[in-house]
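Asks: Before anything else, here's the structure in question.
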Amino acid sequence: MLACILAGGEGTRLRPLTAYTPKPMVELAGRPVLGHMLNRLSACGVDRAAITLMYLPDAVREGIGSGAEYGMKIDYRVEETPLGTAGAVKACADLVGGDEDFLVVSGDAVTGFDFGKAVEFHRSSRADATIVLTHSAEPTEYGLVRVAADGRVLGFAEKPAWENVFTDLVNTGIYVLSRSVLDRIPEGKKFDFSGELFPSMLSSGKLFGFEAEGYWCDIGNPEAYLRCSMDFLEGRTGIFPEEPEVRPGIWIAKTAKVDAGAKLVAPVMVCRGASVASGSVLGPGVVVGPGAAVESGASAVGSVISGVLGEGCEAEDAVICRGGRAGACSVLRRHSIVGPGADTGRHSFLAAGAVLSENERLGDGAVRKSGQPHAEPRVCFEDGAISASAALCFDIGAAVAGESAGMRVLVGCAQKDAEAATAAEAAAAGLMYGGAEVIRHDAGFAAGAAELARLLCADRSVFVSGGKLRIYGPDGLPISAREQKKLAAAILRGAAGGKNGVQRFISGAKEFCAASCAKLAGERRERRLRVCVSGEGASSDTLRLALRLAGFDESRDEDALMVGITSDGFGVRLRGKTEFNKEQTAGMAILAAAEASPGRRIAIPADAPAAFGLAVNRRGSAALRVGRDRDAALLASKQRIGFCGLATAVSLISFLDTSGKTPEALSSELPDYAVRTVEMGCETPRAELMRKLVGSFPEGGSDGVTVSTVRGSATLRPCELREAIRITAEAADAETARSIAEDIVKLAKKLDLKS
């Protein structure tokens with residue numbers, strides 16, 4: 001059988017381990033990761049391999065050779081330009097037999113899967129393509145796959161935010177394909193499995209998922225690399241050490257030199273040609289790589305030493321690359337890395353996550369504090385915001401600037417909030433450090449900052465209020481969950497800086513926003529409706545001005561329509577004879593927009609009640625939900641009604657004035673609805689519990705889980721920062737919504753207990 005092995009990756013997240021070594025050739029316990037994969041394939045009956053290369057191809061060819069060592073024949077294919085995962089496999093089509101099924105695997109993963117069982121499933125299911133799946137406690141790092149009971153693939157989500165996680169089953173990048181699938185892949189063009197091929201096959205019914213048993217690890221970063229090394233030593237990978245086991249958990253190569261005065265605490269492996277001097281203490285969880293050296297008095301736990309651990313050094317969960325050296329009496333803390341050819345100098349200190357790049361030299365007694373803190377992320381978006389200190393705001397600003405060259409970024413803060421002003425200053429400094437053009441403004445409220453991004457065509461708008469930092473895109477909407485996740489990873493890595501960005505200040509932001517929103521009322525004319533804006537602050541002042549520009553002079557009459565806007569400027573409340581909350585007011589504004597322009601497409605917020613979409617559809621318009629429907633975000637940016645409080649208020653009040661309808665009459669045209677939200681903590685990992693809940697409701701969606709019943713509907717989403725699930729039930733009345741939520745909580749608790 002043939003296996004196509006994708007081995008062209010550069011492994012940027014693994015640097016500096018991959019500075020001079022392709023990711024598949026990074027060593028795990030003395031053998032390249034790709035070598036372990038070839039051994040596993042050979043054990044499962046694969047006798048031919050096509051290895052696709054791009055980054056440092058000669059290093060792979062020289063390190064792996066003809067394949068004789070692995071009992072198979074190997075062909076190499078080098079990509080001159082990136083072809084994508086599927087495009088690279090297409091380039092190997094001439095090696096695939098006429099009716100042959102073949103495997104596609106990643107050359108930089110470590111696994112103990114039985115590939116034969118995956119092939120057997122593929123053939124018995126009569127699939128054209130089978131995705132090999134495994135369970136992951138960190139599903140947001142991978143592509144998620146939803147499958148039916150028979151394994152048929154129902155949906156995907158590529159590296160989603162936690163709020164969109166619906167399963168813990170992830171795509172391992174291992175596939176079984178029938179020869180016919182190659183006909184679906186264009187030749188000589190960039191084409192990917194997860195983004196293009198598999199979605200195009202979804203409706204065919206010939207795409208399946210196989211849940212594999214056994215170990216799997218994608219060595220994506222140094223933390224994962226160290227964890228995989230420990231898993232190997234502790235026997236969890238299904239791959240067995242090649243060196244002789246001299247006593248339980250201690251493996252020492254015949255050509256290694258371990259002094260009798262050295263102490264080894266299992267599990268420890270000392271590979272060929274390595275040396276361990278007297279007085280050193282290694283373990284548990286240490287691998288001394290081929291040719292590496294541990295000098296006298298040195299100690300290490302949970303570490304991979306491929307270079308030199310100098311006399312009297314201490315290493316904790318650290319990596320020393322081949323050619324790297326930790327100088328005498330230096331200390332390497334958790335997840336610190338000494339790159340190839342790098343030298344810490346004597347008596348130096350590498351803090352947790354600190355990195356010495358390739359060939360970097362530190363002076364004696366130096367301290368390296370910054371680096372890549374792979375262990376734990378320092379930031380996390382929740383409900384679109386980051387809880388951020390001024391120091392963290394600087395890092396966030398630098399990361400935003402690093403998204404693209406020449407970023408144009410607005411920065412603002414809440415009016416009369418000294419802490420927010422300090423944080424905004426820090427964010428602006430970080431942005432300039434990253435080379436961005438910074439525009440400071442005086443809008444003073446979040447919705448104004450978002451509106452300015454749209455009006456000024458800024459790349460980003462950063463706004464700080466109440467200890468929270470929010471980021472808006474050029475469309476005036478919060479950046480997407482995927483963009484949030486990407487930015488969080490950039491903050492984690494640390495951004496390159498020192499590029500001397502510029503800063504300028506603009507005034508009159510409130511007036512600018514007000515004038516823009518006033519245009520939604522149409523031509524200025526005499527108004528019949530009397531309006532009074534309640535409240536004080538930047539958002540209220542801006543709304544007063546917008547209404548005045550639209551022709552509504554403020555009235556203090558008792559029967560005037562009262563309008564209130566939240567301090568952030570996104571929510572609006574009306575009070576006529578009846579008081580309407582923010583949600584009801586937004587629903588009326590959306591309904592008014594649909595009624596004013598029948599047949600148009602109307603965007604509704606991601607968390608809007610289903611009743612809003614139903615009301616729009618009944619008017620002959622099409623409701624597009626942001627976060628679910630294509631083009632919804634673009635439409636929302638142009639529409640603004642229901643997304644910006646200023647736009648919502650001006651357009652709704654203008655409609656009421658023109659149509660002569662009362663708020664009560666318009667509200668009565670919305671379907672009856674009530675919403676109930678509850679949060680349930682769980683013992684089972686939340687992604688696993690989501691999978692089990694999805695299986696209980698086959699009709700559920702894959703954007704979280706939307707469950708529809710004759711009584712109403714519910715959306716289930718895992719929480720971002722804790723092991724819990726949030727359940728939002730909607731029905732025609734409050735009692736039914738509460739009942740739906742309680743029933744789902746009962747089911748979730750039952751499934752949680754079974755785990």
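Just so we're on the same page: first chain in the structure tokens is A, next is B, and so on; residues restart at 1 for each chain, and ligands are numbered from 1 in the order they show up.
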Determine, counting only C-alpha atoms, which protein, DNA and RNA residues have an atom within 10 Å of an atom of segment 134-143 of chain A; residues of the same chain fewer than 2 positions away are not included. Present the result as a PDB file with N, CA, C and O atoms, in the first residue's frame.

Replies:
```pdb
ATOM      1  N   PHE A 113      -1.599   4.981  16.017  1.00  0.00           N
ATOM      2  CA  PHE A 113      -2.804   4.476  15.363  1.00  0.00           C
ATOM      3  C   PHE A 113      -2.518   3.205  14.562  1.00  0.00           C
ATOM      4  O   PHE A 113      -1.430   3.047  13.986  1.00  0.00           O
ATOM      5  N   ILE A 131     -11.645  10.611   6.911  1.00  0.00           N
ATOM      6  CA  ILE A 131     -10.813  11.447   7.785  1.00  0.00           C
ATOM      7  C   ILE A 131     -10.595  10.685   9.086  1.00  0.00           C
ATOM      8  O   ILE A 131     -11.562  10.275   9.741  1.00  0.00           O
ATOM      9  N   VAL A 132      -9.359  10.490   9.472  1.00  0.00           N
ATOM     10  CA  VAL A 132      -9.062   9.816  10.738  1.00  0.00           C
ATOM     11  C   VAL A 132      -9.164  10.851  11.861  1.00  0.00           C
ATOM     12  O   VAL A 132      -8.523  11.901  11.817  1.00  0.00           O
ATOM     13  N   VAL A 145     -14.720  17.971  13.421  1.00  0.00           N
ATOM     14  CA  VAL A 145     -15.527  17.232  12.458  1.00  0.00           C
ATOM     15  C   VAL A 145     -16.727  16.634  13.183  1.00  0.00           C
ATOM     16  O   VAL A 145     -16.569  15.954  14.196  1.00  0.00           O
ATOM     17  N   PHE A 156     -18.075  20.732   9.529  1.00  0.00           N
ATOM     18  CA  PHE A 156     -16.710  21.063   9.947  1.00  0.00           C
ATOM     19  C   PHE A 156     -16.690  22.405  10.681  1.00  0.00           C
ATOM     20  O   PHE A 156     -17.604  23.208  10.549  1.00  0.00           O
ATOM     21  N   ALA A 157     -15.642  22.630  11.404  1.00  0.00           N
ATOM     22  CA  ALA A 157     -15.303  23.964  11.908  1.00  0.00           C
ATOM     23  C   ALA A 157     -13.788  23.992  12.035  1.00  0.00           C
ATOM     24  O   ALA A 157     -13.204  23.175  12.740  1.00  0.00           O
ATOM     25  N   GLU A 158     -13.145  24.905  11.333  1.00  0.00           N
ATOM     26  CA  GLU A 158     -11.682  24.936  11.302  1.00  0.00           C
ATOM     27  C   GLU A 158     -11.135  25.840  12.393  1.00  0.00           C
ATOM     28  O   GLU A 158     -11.353  27.055  12.393  1.00  0.00           O
ATOM     29  N   LYS A 159     -10.466  25.243  13.382  1.00  0.00           N
ATOM     30  CA  LYS A 159      -9.858  25.958  14.501  1.00  0.00           C
ATOM     31  C   LYS A 159     -10.806  27.021  15.069  1.00  0.00           C
ATOM     32  O   LYS A 159     -10.502  28.217  15.076  1.00  0.00           O
ATOM     33  N   PRO A 160     -11.956  26.600  15.567  1.00  0.00           N
ATOM     34  CA  PRO A 160     -12.965  27.562  16.017  1.00  0.00           C
ATOM     35  C   PRO A 160     -12.615  28.183  17.366  1.00  0.00           C
ATOM     36  O   PRO A 160     -11.770  27.671  18.104  1.00  0.00           O
ATOM     37  N   ALA A 161     -13.282  29.267  17.697  1.00  0.00           N
ATOM     38  CA  ALA A 161     -13.238  29.785  19.064  1.00  0.00           C
ATOM     39  C   ALA A 161     -14.060  28.842  19.941  1.00  0.00           C
ATOM     40  O   ALA A 161     -14.903  28.076  19.444  1.00  0.00           O
ATOM     41  N   TRP A 162     -13.843  28.924  21.253  1.00  0.00           N
ATOM     42  CA  TRP A 162     -14.530  28.003  22.159  1.00  0.00           C
ATOM     43  C   TRP A 162     -16.046  28.085  22.018  1.00  0.00           C
ATOM     44  O   TRP A 162     -16.752  27.081  22.120  1.00  0.00           O
ATOM     45  N   GLU A 163     -16.562  29.270  21.771  1.00  0.00           N
ATOM     46  CA  GLU A 163     -18.022  29.412  21.705  1.00  0.00           C
ATOM     47  C   GLU A 163     -18.628  28.657  20.527  1.00  0.00           C
ATOM     48  O   GLU A 163     -19.834  28.409  20.496  1.00  0.00           O
ATOM     49  N   ASN A 164     -17.800  28.262  19.565  1.00  0.00           N
ATOM     50  CA  ASN A 164     -18.287  27.525  18.396  1.00  0.00           C
ATOM     51  C   ASN A 164     -17.874  26.058  18.398  1.00  0.00           C
ATOM     52  O   ASN A 164     -18.046  25.359  17.399  1.00  0.00           O
ATOM     53  N   VAL A 165     -17.345  25.586  19.520  1.00  0.00           N
ATOM     54  CA  VAL A 165     -16.933  24.180  19.621  1.00  0.00           C
ATOM     55  C   VAL A 165     -18.170  23.302  19.828  1.00  0.00           C
ATOM     56  O   VAL A 165     -18.967  23.555  20.727  1.00  0.00           O
ATOM     57  N   PHE A 166     -18.309  22.268  19.007  1.00  0.00           N
ATOM     58  CA  PHE A 166     -19.464  21.380  19.122  1.00  0.00           C
ATOM     59  C   PHE A 166     -19.063  19.921  19.327  1.00  0.00           C
ATOM     60  O   PHE A 166     -19.915  19.045  19.413  1.00  0.00           O
ATOM     61  N   THR A 167     -17.748  19.670  19.394  1.00  0.00           N
ATOM     62  CA  THR A 167     -17.273  18.302  19.586  1.00  0.00           C
ATOM     63  C   THR A 167     -15.825  18.333  20.025  1.00  0.00           C
ATOM     64  O   THR A 167     -15.150  19.365  19.905  1.00  0.00           O
ATOM     65  N   ASP A 168     -15.349  17.202  20.535  1.00  0.00           N
ATOM     66  CA  ASP A 168     -13.918  17.071  20.825  1.00  0.00           C
ATOM     67  C   ASP A 168     -13.232  16.196  19.786  1.00  0.00           C
ATOM     68  O   ASP A 168     -12.058  15.862  19.929  1.00  0.00           O
ATOM     69  N   LEU A 169     -13.948  15.807  18.734  1.00  0.00           N
ATOM     70  CA  LEU A 169     -13.359  15.006  17.661  1.00  0.00           C
ATOM     71  C   LEU A 169     -12.652  15.926  16.667  1.00  0.00           C
ATOM     72  O   LEU A 169     -13.281  16.818  16.078  1.00  0.00           O
ATOM     73  N   VAL A 170     -11.340  15.714  16.492  1.00  0.00           N
ATOM     74  CA  VAL A 170     -10.562  16.609  15.640  1.00  0.00           C
ATOM     75  C   VAL A 170      -9.930  15.845  14.478  1.00  0.00           C
ATOM     76  O   VAL A 170      -9.693  14.639  14.539  1.00  0.00           O
ATOM     77  N   ASN A 171      -9.693  16.583  13.416  1.00  0.00           N
ATOM     78  CA  ASN A 171      -9.047  16.064  12.210  1.00  0.00           C
ATOM     79  C   ASN A 171      -7.550  15.920  12.492  1.00  0.00           C
ATOM     80  O   ASN A 171      -6.868  16.893  12.809  1.00  0.00           O
ATOM     81  N   THR A 172      -7.023  14.710  12.370  1.00  0.00           N
ATOM     82  CA  THR A 172      -5.605  14.458  12.651  1.00  0.00           C
ATOM     83  C   THR A 172      -4.702  14.743  11.457  1.00  0.00           C
ATOM     84  O   THR A 172      -3.475  14.655  11.581  1.00  0.00           O
ATOM     85  N   GLY A 173      -5.295  15.060  10.300  1.00  0.00           N
ATOM     86  CA  GLY A 173      -4.482  15.235   9.099  1.00  0.00           C
ATOM     87  C   GLY A 173      -4.070  13.915   8.480  1.00  0.00           C
ATOM     88  O   GLY A 173      -3.188  13.872   7.620  1.00  0.00           O
ATOM     89  N   SER A 194      -8.815  20.441   4.059  1.00  0.00           N
ATOM     90  CA  SER A 194      -9.817  20.907   5.019  1.00  0.00           C
ATOM     91  C   SER A 194     -10.609  22.105   4.525  1.00  0.00           C
ATOM     92  O   SER A 194     -11.799  22.224   4.803  1.00  0.00           O
ATOM     93  N   GLY A 195      -9.964  23.003   3.786  1.00  0.00           N
ATOM     94  CA  GLY A 195     -10.650  24.216   3.368  1.00  0.00           C
ATOM     95  C   GLY A 195     -11.394  24.107   2.065  1.00  0.00           C
ATOM     96  O   GLY A 195     -12.347  24.867   1.824  1.00  0.00           O
ATOM     97  N   GLY A 209     -15.813   9.839   8.578  1.00  0.00           N
ATOM     98  CA  GLY A 209     -14.842  10.043   9.636  1.00  0.00           C
ATOM     99  C   GLY A 209     -14.673   8.757  10.419  1.00  0.00           C
ATOM    100  O   GLY A 209     -15.656   8.085  10.748  1.00  0.00           O
ATOM    101  N   PHE A 210     -13.421   8.413  10.723  1.00  0.00           N
ATOM    102  CA  PHE A 210     -13.120   7.201  11.489  1.00  0.00           C
ATOM    103  C   PHE A 210     -12.466   7.596  12.800  1.00  0.00           C
ATOM    104  O   PHE A 210     -11.432   8.272  12.809  1.00  0.00           O
ATOM    105  N   GLU A 211     -13.073   7.208  13.908  1.00  0.00           N
ATOM    106  CA  GLU A 211     -12.558   7.537  15.230  1.00  0.00           C
ATOM    107  C   GLU A 211     -11.494   6.511  15.621  1.00  0.00           C
ATOM    108  O   GLU A 211     -11.810   5.372  15.957  1.00  0.00           O
ATOM    109  N   ALA A 212     -10.242   6.928  15.562  1.00  0.00           N
ATOM    110  CA  ALA A 212      -9.133   6.007  15.802  1.00  0.00           C
ATOM    111  C   ALA A 212      -8.839   5.879  17.296  1.00  0.00           C
ATOM    112  O   ALA A 212      -9.079   6.806  18.076  1.00  0.00           O
ATOM    113  N   GLU A 213      -8.313   4.746  17.664  1.00  0.00           N
ATOM    114  CA  GLU A 213      -7.874   4.515  19.037  1.00  0.00           C
ATOM    115  C   GLU A 213      -6.350   4.609  19.085  1.00  0.00           C
ATOM    116  O   GLU A 213      -5.666   4.183  18.168  1.00  0.00           O
ATOM    117  N   GLY A 214      -5.845   5.147  20.175  1.00  0.00           N
ATOM    118  CA  GLY A 214      -4.399   5.227  20.322  1.00  0.00           C
ATOM    119  C   GLY A 214      -3.909   6.652  20.424  1.00  0.00           C
ATOM    120  O   GLY A 214      -4.667   7.624  20.386  1.00  0.00           O
ATOM    121  N   TYR A 215      -2.625   6.777  20.525  1.00  0.00           N
ATOM    122  CA  TYR A 215      -1.966   8.070  20.772  1.00  0.00           C
ATOM    123  C   TYR A 215      -1.821   8.869  19.486  1.00  0.00           C
ATOM    124  O   TYR A 215      -1.582   8.323  18.404  1.00  0.00           O
ATOM    125  N   TRP A 216      -1.960  10.200  19.630  1.00  0.00           N
ATOM    126  CA  TRP A 216      -1.688  11.113  18.516  1.00  0.00           C
ATOM    127  C   TRP A 216      -1.269  12.455  19.082  1.00  0.00           C
ATOM    128  O   TRP A 216      -1.880  12.968  20.031  1.00  0.00           O
ATOM    129  N   CYS A 217      -0.220  13.020  18.540  1.00  0.00           N
ATOM    130  CA  CYS A 217       0.247  14.332  18.974  1.00  0.00           C
ATOM    131  C   CYS A 217       0.799  15.104  17.785  1.00  0.00           C
ATOM    132  O   CYS A 217       1.655  14.600  17.055  1.00  0.00           O
ATOM    133  N   ASP A 218       0.277  16.289  17.593  1.00  0.00           N
ATOM    134  CA  ASP A 218       0.818  17.208  16.599  1.00  0.00           C
ATOM    135  C   ASP A 218       1.863  18.069  17.309  1.00  0.00           C
ATOM    136  O   ASP A 218       1.537  18.852  18.195  1.00  0.00           O
ATOM    137  N   GLY A 220       3.266  20.868  17.481  1.00  0.00           N
ATOM    138  CA  GLY A 220       3.115  22.198  16.908  1.00  0.00           C
ATOM    139  C   GLY A 220       3.966  23.264  17.547  1.00  0.00           C
ATOM    140  O   GLY A 220       4.282  24.274  16.926  1.00  0.00           O
ATOM    141  N   ARG A 482     -12.300  34.012  15.056  1.00  0.00           N
ATOM    142  CA  ARG A 482     -11.049  33.502  14.486  1.00  0.00           C
ATOM    143  C   ARG A 482      -9.941  34.551  14.576  1.00  0.00           C
ATOM    144  O   ARG A 482      -8.789  34.233  14.897  1.00  0.00           O
ATOM    145  N   LYS A 485      -8.736  34.782  18.146  1.00  0.00           N
ATOM    146  CA  LYS A 485      -7.847  33.675  18.483  1.00  0.00           C
ATOM    147  C   LYS A 485      -6.454  33.882  17.885  1.00  0.00           C
ATOM    148  O   LYS A 485      -5.429  33.648  18.544  1.00  0.00           O
ATOM    149  N   PRO A 685     -14.871  17.108  30.354  1.00  0.00           N
ATOM    150  CA  PRO A 685     -14.367  18.205  29.523  1.00  0.00           C
ATOM    151  C   PRO A 685     -15.477  18.736  28.618  1.00  0.00           C
ATOM    152  O   PRO A 685     -16.215  17.966  28.006  1.00  0.00           O
ATOM    153  N   ARG A 686     -15.612  20.035  28.546  1.00  0.00           N
ATOM    154  CA  ARG A 686     -16.780  20.634  27.901  1.00  0.00           C
ATOM    155  C   ARG A 686     -16.922  20.270  26.434  1.00  0.00           C
ATOM    156  O   ARG A 686     -18.036  20.127  25.932  1.00  0.00           O
ATOM    157  N   ALA A 687     -15.803  20.081  25.735  1.00  0.00           N
ATOM    158  CA  ALA A 687     -15.897  19.699  24.327  1.00  0.00           C
ATOM    159  C   ALA A 687     -16.459  18.283  24.190  1.00  0.00           C
ATOM    160  O   ALA A 687     -17.247  17.992  23.286  1.00  0.00           O
ATOM    161  N   GLU A 688     -16.061  17.401  25.079  1.00  0.00           N
ATOM    162  CA  GLU A 688     -16.586  16.032  25.059  1.00  0.00           C
ATOM    163  C   GLU A 688     -18.082  16.028  25.361  1.00  0.00           C
ATOM    164  O   GLU A 688     -18.856  15.319  24.712  1.00  0.00           O
TER     165      GLU A 688
END
```

Asks: So which residues touch segment 185-191 of chain A within 7 Å, counting only C-alpha atoms, skipping near sequence neighbours fewer than 3 positions away, as a short mmCIF file (atom, residue, chain, number, x, y, z; two decimals) with N, CA and C atoms, in the first residue's frame?

Replies:
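Dumped to selection_14.cif:
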```
data_model
loop_
_atom_site.label_atom_id
_atom_site.label_comp_id
_atom_site.auth_asym_id
_atom_site.auth_seq_id
_atom_site.Cartn_x
_atom_site.Cartn_y
_atom_site.Cartn_z
N PRO A 82 4.18 26.57 -3.21
CA PRO A 82 3.25 25.87 -2.31
C PRO A 82 2.00 25.40 -3.05
N LEU A 83 1.67 24.13 -2.88
CA LEU A 83 0.52 23.54 -3.54
C LEU A 83 -0.63 23.24 -2.58
N GLY A 84 -0.42 23.50 -1.30
CA GLY A 84 -1.44 23.14 -0.33
C GLY A 84 -1.40 21.64 -0.05
N THR A 85 -2.16 21.22 0.95
CA THR A 85 -2.10 19.81 1.36
C THR A 85 -2.61 18.88 0.26
N ALA A 86 -3.76 19.23 -0.32
CA ALA A 86 -4.32 18.36 -1.37
C ALA A 86 -3.54 18.49 -2.67
N GLY A 87 -3.09 19.71 -2.98
CA GLY A 87 -2.32 19.91 -4.21
C GLY A 87 -1.02 19.13 -4.20
N LYS A 90 -1.84 15.59 -5.04
CA LYS A 90 -2.14 15.48 -6.47
C LYS A 90 -0.85 15.31 -7.29
N LEU A 182 -8.63 11.99 -6.43
CA LEU A 182 -7.61 12.82 -7.08
C LEU A 182 -8.19 13.62 -8.24
N GLU A 196 -10.98 23.16 1.20
CA GLU A 196 -11.58 23.13 -0.14
C GLU A 196 -12.10 21.74 -0.55
#
```

Asks: Report as an MDAnalysis selection string all protein, DNA and RNA residues lying within 10 Å of Glu314 of chain A, evaluated on only C-alpha atoms, omitting residues in the same chain fewer than 2 positions from it.

Replies: chainID A and resid 280:282 297:301 309:312 316 318 326 328:333 349

Asks: How about saving the chosen residues, N, CA and C atoms kept, as an mmCIF file, in the first residue's frame?

Replies:
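Output file out.cif follows:
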```cif
data_model
loop_
_atom_site.group_PDB
_atom_site.id
_atom_site.type_symbol
_atom_site.label_atom_id
_atom_site.label_comp_id
_atom_site.auth_asym_id
_atom_site.auth_seq_id
_atom_site.Cartn_x
_atom_site.Cartn_y
_atom_site.Cartn_z
ATOM 1 N N SER A 280 26.146 14.367 38.067
ATOM 2 C CA SER A 280 24.938 14.907 37.437
ATOM 3 C C SER A 280 23.722 14.104 37.889
ATOM 4 N N VAL A 281 22.560 14.764 37.876
ATOM 5 C CA VAL A 281 21.299 14.129 38.261
ATOM 6 C C VAL A 281 20.283 14.392 37.160
ATOM 7 N N LEU A 282 19.835 13.313 36.524
ATOM 8 C CA LEU A 282 18.895 13.440 35.411
ATOM 9 C C LEU A 282 17.606 12.691 35.711
ATOM 10 N N GLY A 297 27.830 17.664 37.818
ATOM 11 C CA GLY A 297 27.040 18.489 38.712
ATOM 12 C C GLY A 297 25.801 19.088 38.107
ATOM 13 N N ALA A 298 25.544 18.821 36.827
ATOM 14 C CA ALA A 298 24.343 19.366 36.179
ATOM 15 C C ALA A 298 23.127 18.539 36.570
ATOM 16 N N SER A 299 21.942 19.170 36.514
ATOM 17 C CA SER A 299 20.711 18.448 36.811
ATOM 18 C C SER A 299 19.626 18.874 35.832
ATOM 19 N N ALA A 300 18.727 17.939 35.537
ATOM 20 C CA ALA A 300 17.636 18.235 34.605
ATOM 21 C C ALA A 300 16.441 17.349 34.904
ATOM 22 N N VAL A 301 15.240 17.924 34.731
ATOM 23 C CA VAL A 301 13.993 17.154 34.784
ATOM 24 C C VAL A 301 13.139 17.576 33.591
ATOM 25 N N LEU A 309 24.658 20.537 28.353
ATOM 26 C CA LEU A 309 24.186 21.063 29.628
ATOM 27 C C LEU A 309 25.423 21.186 30.508
ATOM 28 N N GLY A 310 25.868 22.421 30.715
ATOM 29 C CA GLY A 310 27.165 22.667 31.328
ATOM 30 C C GLY A 310 27.250 22.310 32.802
ATOM 31 N N GLU A 311 28.442 22.384 33.314
ATOM 32 C CA GLU A 311 28.740 22.018 34.697
ATOM 33 C C GLU A 311 27.871 22.820 35.669
ATOM 34 N N GLY A 312 27.202 22.110 36.576
ATOM 35 C CA GLY A 312 26.409 22.758 37.611
ATOM 36 C C GLY A 312 25.135 23.419 37.135
ATOM 37 N N GLU A 316 14.822 22.748 33.820
ATOM 38 C CA GLU A 316 13.481 22.279 34.177
ATOM 39 C C GLU A 316 12.567 22.417 32.962
ATOM 40 N N ALA A 318 13.036 22.060 29.858
ATOM 41 C CA ALA A 318 13.716 22.937 28.908
ATOM 42 C C ALA A 318 14.199 22.136 27.699
ATOM 43 N N ALA A 326 24.260 25.379 27.364
ATOM 44 C CA ALA A 326 23.934 26.072 28.602
ATOM 45 C C ALA A 326 25.224 26.140 29.407
ATOM 46 N N ALA A 328 28.186 26.979 32.291
ATOM 47 C CA ALA A 328 28.314 26.500 33.666
ATOM 48 C C ALA A 328 27.451 27.308 34.630
ATOM 49 N N CYS A 329 26.773 26.569 35.515
ATOM 50 C CA CYS A 329 25.981 27.150 36.607
ATOM 51 C C CYS A 329 24.823 28.021 36.121
ATOM 52 N N SER A 330 24.379 27.812 34.903
ATOM 53 C CA SER A 330 23.214 28.543 34.403
ATOM 54 C C SER A 330 21.938 27.813 34.804
ATOM 55 N N VAL A 331 20.825 28.554 34.790
ATOM 56 C CA VAL A 331 19.529 27.997 35.182
ATOM 57 C C VAL A 331 18.543 28.192 34.041
ATOM 58 N N LEU A 332 17.885 27.105 33.638
ATOM 59 C CA LEU A 332 16.896 27.131 32.560
ATOM 60 C C LEU A 332 15.542 26.740 33.145
ATOM 61 N N ARG A 333 14.606 27.690 33.167
ATOM 62 C CA ARG A 333 13.299 27.422 33.741
ATOM 63 C C ARG A 333 12.328 26.875 32.689
ATOM 64 N N PHE A 349 20.643 33.160 33.550
ATOM 65 C CA PHE A 349 19.305 32.723 33.983
ATOM 66 C C PHE A 349 18.317 32.926 32.845
#
```

Asks: I need the residue nearest Ala714 of chain A from this list: A:Asp607, A:Glu382, A:Glu669, A:Glu245. Use only C-alpha atoms for the distance.

Replies: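 Between A:Asp607, A:Glu382, A:Glu669, A:Glu245, the residue approaching Ala714 of chain A most closely is A:Asp607.
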
Asks: Could you give me, as a ChimeraX atom specification, the residues within 9 Å of Ala636 of chain A, counting only C-alpha atoms and dropping anything in the same chain fewer than 3 positions from it?

Replies: /A:475-477,602-605,626,631-633,639-643

Asks: Once you have the residues from the selection above, write them out as a compact mmCIF listing (two decimals), in the first residue's frame, restricted to C-alpha atoms.

Replies:
```txt
# COMPACT_ATOMS: atom_id res chain seq x y z
CA ASP A 475 -16.56 47.17 9.14
CA GLY A 476 -17.33 48.61 12.58
CA LEU A 477 -18.04 45.15 14.00
CA ILE A 602 -31.60 42.28 6.59
CA ALA A 603 -28.68 41.42 8.88
CA ILE A 604 -29.47 40.37 12.44
CA PRO A 605 -26.96 40.01 15.31
CA VAL A 626 -24.00 37.35 11.58
CA ASP A 631 -22.33 38.10 3.60
CA ALA A 632 -24.12 38.87 6.89
CA ALA A 633 -21.17 40.79 8.35
CA GLN A 639 -27.00 48.52 7.56
CA ARG A 640 -25.80 49.36 11.12
CA ILE A 641 -29.40 49.13 12.38
CA GLY A 642 -29.47 46.59 15.20
CA PHE A 643 -25.68 46.78 15.61
```

Asks: Find the residues around segment 120-129 of chain A up to 6 Å (only C-alpha atoms counted), leave out those fewer than 6 positions away in its own chain, and share them as a compact mmCIF listing (two decimals) with N, CA, C and O atoms, in the first residue's frame.

Replies:
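Wrote around_6.txt, looks like this:
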```txt
# COMPACT_ATOMS: atom_id res chain seq x y z
N VAL A 176 -7.64 8.38 4.48
CA VAL A 176 -7.64 7.26 3.54
C VAL A 176 -8.44 7.72 2.33
O VAL A 176 -9.59 8.15 2.48
N LEU A 177 -7.83 7.68 1.16
CA LEU A 177 -8.48 8.18 -0.05
C LEU A 177 -8.57 7.11 -1.12
O LEU A 177 -7.68 6.26 -1.24
N SER A 178 -9.65 7.16 -1.86
CA SER A 178 -9.77 6.33 -3.06
C SER A 178 -9.16 7.09 -4.24
O SER A 178 -9.13 8.33 -4.24
N LYS A 206 -20.19 10.60 0.53
CA LYS A 206 -19.08 9.65 0.40
C LYS A 206 -17.86 10.06 1.24
O LYS A 206 -16.78 9.53 1.09
N LEU A 207 -18.09 11.04 2.14
CA LEU A 207 -17.03 11.50 3.02
C LEU A 207 -17.33 11.01 4.43
O LEU A 207 -18.39 11.29 4.99
```
